[in-house]
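**Student:** Before I ask anything, let me first share the structure, which is written out below as structure tokens.
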Amino acid sequence: MAELISPLYPSSPRTRLINPIPWLLSAPGAVFFLALLGMPLIMTLILSFNSFDYSLGIVSSFGLENYLEVLSDSYFHEIFLRTYGISIAVVVLCILIGVPEAYILSRMRNPWRSLFLVITLAPLLISVVVRTLGWVLLIGGNGLLGKLLEGIGIAEASTGNLMYTHTGVILALVHVLVPLMVISVWAALQKLDPAVEHAGLSLGASHATVFRRVVIPQILPGILSGSLIVFALAASAFATPAIIGGRRLKVAATAAYDEYLNTMNWPMGAAIAIVLLVANVAVVMSYNRMMERRFRRTLG
Amino acid sequence: MLRNSKLALIFHSLFVVFLLAPLAVVMLVAFTPHGYLSYPTDGFSLRWFTAILDHRDFIRAFWNSLYLGIAAASFSVVLAVPAALAIVRYQFRGRDVLVGLFLSPLMIPHVVLGVAFLGFFSRVGIYGSFWALVASHVIIVMPYTMRLVMASVFGMDRSAEKAALSLGASQWTMFRRITMPMILPGVAGGWILAFTTSFDELSMTIFVASPSTTTLPVQMYNHIAHTVDPLIASVSTVLIVLTVLFMVLLDRFYGIDKVLIGKR
């Protein structure tokens with residue numbers, strides 16, 4: 001993205017005068033965004049400082065009690081720890097699965113390469129609800145996984161029931177998000193010069209050494225940006241944890257949903273949402289900081 | 001060309017199975033002849049597909065999603081094209097802020113957007129209306145349209161525009177006859193990505209949709225939260241088949257990697 005917004009057309013002395021054209025061109029979008037994104041977010045922030053009474057409803061007071069409760073109550077601690085624990089597990093698994101797969105794809109020949117690239121990308125266009133339903137049918141009480149385990153004789157059928165477990169939620173989230181990791185690493189691999197790999201091999205390094213010492217360092221930016229996307233989406237995922245985790249395994253997104261649409265405690269739901277938003281933005285920002293520092297170091 | 005080892009191909013096969021198994025299972029269950037969830041081991045039946053026709057709510061939700069996707073993608077393109085031209089071609093104060101503003105929905109969890117829109121729309125008094133839904137979807141699809149349109153404006157050769165101007169074309173004629181046709185592939189890619197994003201969106205829409213404006217993902221989620229039956233499997237199968245058809249057409253005419261990876 002950076003290459004798109006860096007100075008493209010150095011300003012001539014004439015354009016140094018305030019030119020109204022770019023403002024007029026971007027005004028409709030900017031006004032729309034300020035009104036329909038800025039206003040709702042500010043209103044949510046204000047709402048999160050209000051309090052809630054079960055008989056009176058929303059009380060427009062101003063206090064930090066919702067945040068104090070979110071940050072001090074062990075019930076909310078558990079929810080946020082679970083949210084980020086699941087997200088980290090999903091990122092690690094996506095790296096372990098997605099990086100080798102992208103590498104294998106890049107070494108395939110056409111037409112296989114295009115075919116499997118499309119197969120990898122296809123699930124991204126299929127609704128998350130449909131993909132999660134597939135996992136319900138696989139790992140549910142009477143699912144295929146249990147039958148398979150029993151059939152092979154490894155374990156009883158009930159071991160295959162992963163509904164309402166962390167394993168189940170993580171498995172389904174990896175399935176939903178791993179294509180994004182593959183895309184990200186794939187894009188980095190396209191810039192790789194295969195001659196460097198050949199050089200490593202001809203100098204006597206094993207395939208594993210070449211992968212570790214030559215390939216991985218060059219695709220690291222791709223792995224990192226893939227991890228960031230996967231982490232951010234896993235932490236804010238709603239459908240998959242809601243369907244597979246259910247009420248028993250609440251995460252931040254499903255907790256906010258319940259506060260809004262079941263308990264009707266909007267101020268508390270707003271506070272959870274704001275905490276989730278701030279945490280997400282903080283992760284993305286510190287990642288960008290880190291990348292900038294890395295680039296500065298490597299470029300001298 | 002380096003070859004993949006046997007081990008690599010085994011890994012790859014397991015990956016493909018992992019990726020496709022959940023979708024295959026959904027499509028299998030949809031053909032069950034029984035009234036409960038089961039695999040069609042004793043005969044295939046289309047009864048659950050004909051059952052969809054009796055569920056007007058699913059059909060109405062499908063049309064809602066379709067109109068919503070078309071409207072949101074079209075409005076986002078109308079806003080994104082001039083904004084992208086301004087951002088890529090002009091140096092002005094606040095340009096980086098504008099880029100940040102248009103891409104910011106990518107950073108905001110959709111659930112947060114959902115609660116924000118719910119509060120805002122009910123305060124303004126348009127909660128549950130179709131156009132409120134469209135407005136909220138324009139916000140979430142805008143980053144995708146912006147990115148593809150900006151990339152195509154950036155990659156465009158401007159000499160044809162200069163030629164048009166020097167031959168006496170007006171700015172508007174130049175835009176209509178030269179600029180727009182040249183950035184059209186990027187604009188179309190942005191529109192398609194925006195449409196699919198809008199069509200599949202659940203986490204935000206579930207807060208904003210009212211019973212009369214329910215979209216297909218919301219309808220399906222509510223159904224699954226209540227009960228998992230072969231009906232939802234057959235609806236999902238129809239959706240999978242439609243998506244695959246859409247994808248084949250997209251790949252034929254446009255190149256699916258162009259839309260999803262942004263390769264040009």
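If you're wondering about the labels, chains in the structure tokens are A, B, ... by order shown, residues count from 1 in each chain, ligands from 1 in order shown.
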Mind listing as a list in words which residues of chain B are within 6 Å of chain A, counting only C-alpha atoms?

**Tutor:**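 Listed by rising number, the hits are Pro22, Leu23, Val26, Leu79, Pro82, Ala83, Ala86, Pro109, Val112, Ala116, Phe117, Phe120, Asp200, Ser203 and Ser236 of chain B.
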
**Student:** Just want the 10 Å neighbourhood of B:Ala24, counted on only C-alpha atoms, with same-chain residues fewer than 4 positions away dropped. Output as a list in words.

**Tutor:** Gly134 of chain A; Val17, Leu19, Leu20, Leu28, Val29, Thr237 and Ile240 of chain B

**Student:** Which parts of stretch 8-211 of chain A does DSSP call strand (DSSP E or B) when run on the backbone here, written out as JSON, numbers by chain?

**Tutor:** {"A": [51, 52, 53, 57, 58, 59]}

**Student:** May I ask which of the residues B:Ile178, B:Val115, B:Phe246, B:Lys162 is the closest one to B:Ala209, counting only C-alpha atoms?

**Tutor:** B:Val115

**Student:** Quick one: pick out all alpha helix (DSSP H) residues within stretch 183-278 of chain A from a backbone DSSP run and write them as a PyMOL selection string.

**Tutor:** chain A and resi 183-190+194-202+207-210+216-235+239-240+252-261+266-278

**Student:** To one decimal place in Å, what is the distance between atom CA of B:Ile224 and atom CA of A:Leu149?

**Tutor:**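 Going from atom CA of B:Ile224 over to atom CA of A:Leu149, I get 25.6 Å.
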
**Student:** For B:Pro33, list every protein, DNA or RNA residue within 10 Å, evaluated using only C-alpha atoms, and leave out those in the same chain fewer than 3 positions away; present the list as a list of chain:residue names.

**Tutor:**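 Selected residues are B:Val29, B:Ala30, B:Tyr36, B:Leu37, B:Ser38, B:Tyr39, B:Pro40, B:Thr41, B:Asp42, B:Gly43, B:Phe44, B:Ser45, B:Leu46, B:Arg47, B:Trp48, B:Pro230.
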
**Student:** As an exercise, work out the distance from atom CA of A:Gln190 to atom CA of A:Pro221 in Å and give it to one decimal place.

**Tutor:**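 Separation of atom CA of A:Gln190 and atom CA of A:Pro221: 12.7 Å.
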
**Student:** Near B:Val238, within 10 Å and counting only C-alpha atoms, which residues show up once chain neighbours fewer than 6 positions away are dropped, as a list of chain:residue names?

**Tutor:** B:Met27, B:Ala30, B:Phe49, B:Ile52, B:Ile232, B:Val244
